[in-house]
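As structure tokens, the structure follows; a few thoughts come after it.
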Amino acid sequence: MRKLTTSAADLVAQSRARIEEVETPDLIDMVEDPSVVIVDLRDIRERQRAGFIPGAFHCPRGMAEFWIDPDSPYFKEVFGQEDKTFVFHCASGWRSAITVAQLNDMGFDCAHLREGFSTWEAQGGPVERSDLDWE
């Protein structure tokens with residue numbers, strides 16, 4: 001097996017050391033705040049299985065850098081709102097930590113949900129479920 005010079009866990013730890021992390025109860029308090037945009041990086045199948053935060057904008061992980069870049073042909077207007085606070089999340093906080101570090105490096109100010117969606121519902125966060133069957 002090939003030995004990596006940096007593990008995925010190392011990337012997450014390095015990212016977390018230099019980004020803003022939001023705790024689950026704090027983001028639960030922000031769900032209704034119109035100045036906060038919650039961005040869900042999870043795969044559509046994860047959202048289908050586990051549900052999603054009501055009002056969260058879905059941005060697949062592989063498109064984040066392209067969707068936030070106003071010079072990209074894939075730019076999404078939601079990311080052009082200068083008066084908003086953006087909080088990204090994935091399932092456990094790993095993908096979102098790396099993503100937020102990368103986006104911050106690009107000059108896009110954002111934070112991430114430290115524990116991800118994994119503890120959201122158990123801590124009292126609202127969850128919406130879809131009737132769509134993606135299996």
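By convention in this document, the chains of the structure tokens carry letters A, B, ... by their order, each chain's residues are numbered from 1, and ligands are numbered from 1 in the order they are shown.
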_Set the distance at 12 Å and use only C-alpha atoms: which residues neighbour Gly107 of chain A once local chain neighbours fewer than 4 positions away are removed? I'd like the list as a PyMOL selection string._
chain A and resi 65+68-70+100-103
*Run DSSP on the backbone of this structure and report the residues of segment 1-127 of chain A it assigns to strand (DSSP E or B), as a VMD selection string.*
chain A and resid 20 to 22 36 to 40 52 57 to 58 85 to 89 111 to 113
Per-residue nearest contacts segment 109-134 of chain A to segment 21-32 of chain A, cut-off 9 Å, using only C-alpha atoms, as a tab-separated table:
residue	atom	partner	partner_atom	distance
A:Ala111	CA	A:Glu21	CA	5.8
A:His112	CA	A:Glu21	CA	5.2
A:Leu113	CA	A:Val22	CA	4.8
A:Arg114	CA	A:Glu21	CA	5.3
A:Glu115	CA	A:Thr24	CA	7.0
A:Gly116	CA	A:Thr24	CA	7.8
A:Phe117	CA	A:Thr24	CA	8.5
A:Thr119	CA	A:Thr24	CA	7.6
A:Trp120	CA	A:Thr24	CA	6.4
A:Gln123	CA	A:Pro25	CA	7.0
A:Gly124	CA	A:Ile28	CA	7.6
A:Gly125	CA	A:Ile28	CA	5.5
A:Pro126	CA	A:Ile28	CA	7.8
*Would you please extract all alpha helix (DSSP H) residues from chain A, as assigned by DSSP on the backbone, and give them as a ChimeraX atom specification?*
/A:8-16,24-30,44-50,64-68,94-106
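Shortest atom-to-atom contact with Trp94 of chain A among A:Ile44, A:Ile38, A:Cys110, A:Ser118: A:Ser118, counting only C-alpha atoms.
Between Arg47 of chain A and the candidates A:Leu4, A:Ala9, A:Cys90, A:Ala64, the tightest atom-to-atom separation, counting only C-alpha atoms, involves A:Cys90.
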